[in-house]
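Data first, discussion second: the structure below is written as structure tokens.
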Amino acid sequence: MKKKRILSGMRPTGKLHLGHLHGALLNWKKLQEEYECFYFIADWHALSSEYTCPDIIRESTYEIIMDWISIGLDPEVSTFFIQSQLKEHAELHLIFSMITPLPWLERNPTYKEQLNELTQKDVYTYGFLGYPVLQAADILMYKARGVPVGKDQAPHVELTREIARRFNHLYGEVFPVPDVLLTPTSKMLGTDRRKMSKSYGNAIFLTDTDEEIDNKVGQMITDPQRARRNDPGNPDICNVFSFHEIYTGSEIIESINRECRSADIGCVDCKKLMAANLKKGLKPIRAKRKKLEADPKKVKEIVEQGNRKARMVARETMLEVREAVKI
Ligand code: TRP
Ligand code: SF4
């Protein structure tokens, strides 16, 4: 039986960190077994917030694709492509923009939240309001049945569903209505216990060196109640412990759990142990990354092959769309 197709994308606005790894990428990797996966770089979406300094977009596009492959997304199995290389997305976005009522966009909770949050940037633009319309074009272009995203993106996919229904109602059944495949939220926070984010300066990047990892782990905030070495700690509220749960073997986790509560282990040693395991865990990813960095031609080829595959689908869909819209 043919696998169901799913699609997801990332905005290239910087290098990837552990938040991306545990919040999205490892899930994407797993989904490869069950679905036909299209994963793409949403560079036009990035432009909606980075238009004043767009250099970061081109810089991080290939970095991200190398990260994807390094963590185990397989270009032989999944299709990687770059949004702006497929002009069909722009055309479908334009057509969808004709049929999308403004209130649908204005009431979008993610939009409202971002207007408040991105105070450093002027995002009162036409393009930013239409961000989810472009996202609908990305998804429906490939007739994806599912869209793996985090909670914050769910309203966008909801809008995609509404746009698909409206299009089908106006012009005939062209698009399947895709499901949200909600990614379980990861417990991994940034070094300061806020959500891990490049802009908070609290991220551990996949490309960090051993030294950078040691420094960042050393600065991590632990159980804030544990002020002195002799105070008992509580691993349940300690971010270092959340990292242990991912990167440390289960027997050792249990002893840390016990010894933290009885103040038999101190945070400094506990962090050292965690940093060592984290570095060990990232080692194969880094080794693969090094190999790719040495062969940029291969990475280019992978992307070109993905673009070609995506283009075949996009062309077909646009023929149907133009036929339906009679333009
Ligand atoms: N908006 C998504 C994000 O910021 C990126 C994205 C663009 C996307 N187009 C998409 C995700 C289509 C899933 C499907 O994370
Ligand atoms: Fe956290 Fe480890 Fe310190 Fe306990 S000993 S508070 S788990 S860093």
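Naming scheme: A, B, ... for chains in displayed order of the structure tokens; residues 1 onward per chain; ligands 1 onward as shown.
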(message) I'd like the neighbourhood of A:Cys37 as a PyMOL selection string, where a residue qualifies if any of its atoms comes within 7 Å (using only C-alpha atoms), though same-chain residues fewer than 3 positions away should be ignored.
(response) chain A and resi 5-7+32+78-79
Next, dump the selected residues to file, keeping only N, CA and C atoms, as a CSV table (one decimal), in the first residue's frame.
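Contents of out31.csv, as written:
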```csv
chain,number,residue,atom,x,y,z
A,5,ARG,N,1.1,10.8,2.4
A,5,ARG,CA,2.1,11.9,2.3
A,5,ARG,C,1.9,12.9,3.4
A,6,ILE,N,3.0,13.3,4.0
A,6,ILE,CA,2.9,14.4,5.0
A,6,ILE,C,3.9,15.5,4.6
A,7,LEU,N,3.8,16.6,5.1
A,7,LEU,CA,4.7,17.7,4.8
A,7,LEU,C,4.9,18.6,6.0
A,32,GLN,N,9.4,9.2,9.1
A,32,GLN,CA,9.8,8.7,7.8
A,32,GLN,C,9.4,7.2,7.6
A,78,SER,N,13.1,10.6,2.1
A,78,SER,CA,12.2,11.8,2.2
A,78,SER,C,12.7,12.8,1.1
A,79,THR,N,11.8,13.7,0.8
A,79,THR,CA,12.1,14.7,-0.2
A,79,THR,C,12.4,16.0,0.5
```
(request) Please write out the residues within 8 Å of ligand 1 as a VMD selection string, counting only C-alpha atoms and all ligand atoms. (result) chain A and resid 7 to 11 40 to 42 45 131 to 132 134 to 136 138 to 139 147 to 150 153 156 to 157
(request) Name each residue within 10 Å of ligand 2, counting only C-alpha atoms and all ligand atoms, as a PyMOL selection string. (result) chain A and resi 217-218+220-227+229+231-244+253+256-274
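Here atom CA of A:Glu251 is placed at a distance of 24.9 Å from atom CA of A:Thr185.
Going from atom CA of A:Gly19 to atom CA of A:Pro109 covers 22.4 Å.
Between atom CA of A:Asp152 and atom CA of A:Leu182 the interatomic distance comes to 9.8 Å.
Within stretch 39-268 of chain A, the backbone-based DSSP assignment of strand (DSSP E) covers Tyr39, Phe40, Ile41, Thr79, Phe80, Phe81, Ile82, Gly146, Val147, Pro148, Val149, Asp179, Val180, Leu181 and Leu182 of chain A.
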(request) Counting only C-alpha atoms, figure out which residue out of A:Thr191, A:Ser186, A:Thr100, A:Asn202 gets nearest to A:Glu162. (result) A:Thr100
(request) From the DSSP assignment of the backbone, select every residue of stretch 92-259 of chain A that is helix (DSSP H, G or I), and format the answer as number ranges by chain. (result) A: 92-99, 102-106, 109-117, 126-129, 131-141, 151-171, 198-200, 210-218, 235-237, 239-247, 250-259
Per residue of stretch 163-244 of chain A within 12 Å of stretch 88-94 of chain A, what are the shortest atom pair and its distance in Å to one decimal, counting only C-alpha atoms, with rows by chain and residue number, as a Markdown table?
```
| residue | atom | partner | partner_atom | distance |
| --- | --- | --- | --- | --- |
| A:Ile163 | CA | A:His93 | CA | 10.9 |
| A:Ala164 | CA | A:Leu92 | CA | 11.7 |
| A:Phe167 | CA | A:Leu92 | CA | 11.3 |
```
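Nearest to A:Leu21 of all the residues A:Glu59, A:Glu34, A:Asp67, A:Asp295 is A:Asp67, counting only C-alpha atoms.
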(request) Point out the residue among A:Tyr39, A:Tyr124, A:Pro54, A:Tyr142 with the least atom-to-atom distance to A:Arg315, counting only C-alpha atoms. (result) A:Tyr142
(request) Mind checking which residues fall within 12 Å of A:Val174, counting only C-alpha atoms, ignoring those fewer than 5 positions away in the same chain, and posting them as a PyMOL selection string? (result) chain A and resi 140-143+163-169+316-325
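Among the candidates A:Lys288, A:Tyr35, A:Glu50, A:Asp43, the one nearest to A:Leu181 when counting only C-alpha atoms is A:Tyr35.
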(request) Just the residues within 12 Å of A:Leu292, please, counting only C-alpha atoms, with nothing from its chain fewer than 3 positions along; format it as a ChimeraX atom specification. (result) /A:62-71,285-289,295-302
What does the file look like for those residues with N, CA, C and O atoms, as a PDB file, in the first residue's frame?
```pdb
ATOM      1  N   TYR A  62      21.384  26.053   3.829  1.00  0.00           N
ATOM      2  CA  TYR A  62      22.151  24.821   3.654  1.00  0.00           C
ATOM      3  C   TYR A  62      22.640  24.250   4.982  1.00  0.00           C
ATOM      4  O   TYR A  62      22.791  23.040   5.134  1.00  0.00           O
ATOM      5  N   GLU A  63      22.868  25.134   5.951  1.00  0.00           N
ATOM      6  CA  GLU A  63      23.225  24.667   7.292  1.00  0.00           C
ATOM      7  C   GLU A  63      22.130  23.752   7.841  1.00  0.00           C
ATOM      8  O   GLU A  63      22.399  22.689   8.396  1.00  0.00           O
ATOM      9  N   ILE A  64      20.907  24.189   7.665  1.00  0.00           N
ATOM     10  CA  ILE A  64      19.785  23.426   8.211  1.00  0.00           C
ATOM     11  C   ILE A  64      19.641  22.091   7.492  1.00  0.00           C
ATOM     12  O   ILE A  64      19.422  21.051   8.118  1.00  0.00           O
ATOM     13  N   ILE A  65      19.797  22.131   6.181  1.00  0.00           N
ATOM     14  CA  ILE A  65      19.669  20.868   5.447  1.00  0.00           C
ATOM     15  C   ILE A  65      20.762  19.886   5.877  1.00  0.00           C
ATOM     16  O   ILE A  65      20.507  18.696   6.056  1.00  0.00           O
ATOM     17  N   MET A  66      21.966  20.409   6.119  1.00  0.00           N
ATOM     18  CA  MET A  66      23.025  19.506   6.607  1.00  0.00           C
ATOM     19  C   MET A  66      22.675  18.967   7.997  1.00  0.00           C
ATOM     20  O   MET A  66      22.934  17.798   8.291  1.00  0.00           O
ATOM     21  N   ASP A  67      22.093  19.812   8.832  1.00  0.00           N
ATOM     22  CA  ASP A  67      21.658  19.330  10.149  1.00  0.00           C
ATOM     23  C   ASP A  67      20.606  18.226  10.000  1.00  0.00           C
ATOM     24  O   ASP A  67      20.642  17.222  10.706  1.00  0.00           O
ATOM     25  N   TRP A  68      19.664  18.444   9.106  1.00  0.00           N
ATOM     26  CA  TRP A  68      18.613  17.437   8.893  1.00  0.00           C
ATOM     27  C   TRP A  68      19.218  16.073   8.587  1.00  0.00           C
ATOM     28  O   TRP A  68      18.865  15.059   9.177  1.00  0.00           O
ATOM     29  N   ILE A  69      20.151  16.092   7.624  1.00  0.00           N
ATOM     30  CA  ILE A  69      20.738  14.815   7.208  1.00  0.00           C
ATOM     31  C   ILE A  69      21.563  14.229   8.357  1.00  0.00           C
ATOM     32  O   ILE A  69      21.524  13.023   8.609  1.00  0.00           O
ATOM     33  N   SER A  70      22.262  15.099   9.078  1.00  0.00           N
ATOM     34  CA  SER A  70      23.116  14.611  10.165  1.00  0.00           C
ATOM     35  C   SER A  70      22.330  13.917  11.265  1.00  0.00           C
ATOM     36  O   SER A  70      22.808  12.969  11.869  1.00  0.00           O
ATOM     37  N   ILE A  71      21.112  14.400  11.527  1.00  0.00           N
ATOM     38  CA  ILE A  71      20.369  13.766  12.617  1.00  0.00           C
ATOM     39  C   ILE A  71      19.604  12.534  12.133  1.00  0.00           C
ATOM     40  O   ILE A  71      18.964  11.857  12.933  1.00  0.00           O
ATOM     41  N   ILE A 285      26.139  12.645  15.312  1.00  0.00           N
ATOM     42  CA  ILE A 285      25.539  13.708  14.510  1.00  0.00           C
ATOM     43  C   ILE A 285      26.636  14.613  13.962  1.00  0.00           C
ATOM     44  O   ILE A 285      26.672  14.959  12.784  1.00  0.00           O
ATOM     45  N   ARG A 286      27.566  14.954  14.846  1.00  0.00           N
ATOM     46  CA  ARG A 286      28.651  15.841  14.432  1.00  0.00           C
ATOM     47  C   ARG A 286      29.553  15.180  13.405  1.00  0.00           C
ATOM     48  O   ARG A 286      30.043  15.827  12.488  1.00  0.00           O
ATOM     49  N   ALA A 287      29.790  13.881  13.574  1.00  0.00           N
ATOM     50  CA  ALA A 287      30.660  13.179  12.624  1.00  0.00           C
ATOM     51  C   ALA A 287      30.039  13.212  11.230  1.00  0.00           C
ATOM     52  O   ALA A 287      30.704  13.482  10.231  1.00  0.00           O
ATOM     53  N   LYS A 288      28.745  12.976  11.181  1.00  0.00           N
ATOM     54  CA  LYS A 288      28.059  12.985   9.899  1.00  0.00           C
ATOM     55  C   LYS A 288      28.081  14.395   9.297  1.00  0.00           C
ATOM     56  O   LYS A 288      28.251  14.569   8.094  1.00  0.00           O
ATOM     57  N   ARG A 289      27.922  15.372  10.156  1.00  0.00           N
ATOM     58  CA  ARG A 289      27.914  16.773   9.727  1.00  0.00           C
ATOM     59  C   ARG A 289      29.253  17.139   9.087  1.00  0.00           C
ATOM     60  O   ARG A 289      29.310  17.783   8.043  1.00  0.00           O
ATOM     61  N   ASP A 295      31.729  17.965   1.665  1.00  0.00           N
ATOM     62  CA  ASP A 295      31.218  17.612   0.340  1.00  0.00           C
ATOM     63  C   ASP A 295      29.993  18.460  -0.033  1.00  0.00           C
ATOM     64  O   ASP A 295      28.885  17.945  -0.193  1.00  0.00           O
ATOM     65  N   PRO A 296      30.196  19.787  -0.171  1.00  0.00           N
ATOM     66  CA  PRO A 296      29.052  20.662  -0.434  1.00  0.00           C
ATOM     67  C   PRO A 296      28.329  20.330  -1.747  1.00  0.00           C
ATOM     68  O   PRO A 296      27.129  20.576  -1.881  1.00  0.00           O
ATOM     69  N   LYS A 297      29.088  19.739  -2.676  1.00  0.00           N
ATOM     70  CA  LYS A 297      28.457  19.384  -3.957  1.00  0.00           C
ATOM     71  C   LYS A 297      27.340  18.349  -3.741  1.00  0.00           C
ATOM     72  O   LYS A 297      26.290  18.414  -4.364  1.00  0.00           O
ATOM     73  N   LYS A 298      27.629  17.429  -2.855  1.00  0.00           N
ATOM     74  CA  LYS A 298      26.647  16.382  -2.591  1.00  0.00           C
ATOM     75  C   LYS A 298      25.372  16.972  -1.985  1.00  0.00           C
ATOM     76  O   LYS A 298      24.260  16.579  -2.347  1.00  0.00           O
ATOM     77  N   VAL A 299      25.560  17.918  -1.065  1.00  0.00           N
ATOM     78  CA  VAL A 299      24.392  18.531  -0.435  1.00  0.00           C
ATOM     79  C   VAL A 299      23.561  19.276  -1.485  1.00  0.00           C
ATOM     80  O   VAL A 299      22.332  19.188  -1.512  1.00  0.00           O
ATOM     81  N   LYS A 300      24.251  19.998  -2.355  1.00  0.00           N
ATOM     82  CA  LYS A 300      23.563  20.702  -3.453  1.00  0.00           C
ATOM     83  C   LYS A 300      22.764  19.722  -4.307  1.00  0.00           C
ATOM     84  O   LYS A 300      21.620  19.988  -4.683  1.00  0.00           O
ATOM     85  N   GLU A 301      23.391  18.590  -4.611  1.00  0.00           N
ATOM     86  CA  GLU A 301      22.714  17.594  -5.450  1.00  0.00           C
ATOM     87  C   GLU A 301      21.464  17.057  -4.770  1.00  0.00           C
ATOM     88  O   GLU A 301      20.433  16.856  -5.416  1.00  0.00           O
ATOM     89  N   ILE A 302      21.580  16.827  -3.471  1.00  0.00           N
ATOM     90  CA  ILE A 302      20.427  16.316  -2.720  1.00  0.00           C
ATOM     91  C   ILE A 302      19.263  17.291  -2.829  1.00  0.00           C
ATOM     92  O   ILE A 302      18.117  16.904  -3.081  1.00  0.00           O
TER      93      ILE A 302
END
```
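Taking only C-alpha atoms into account, A:Leu18 lies nearest to A:Thr207 out of the set A:Thr207, A:Gln83, A:Thr160, A:Thr110.
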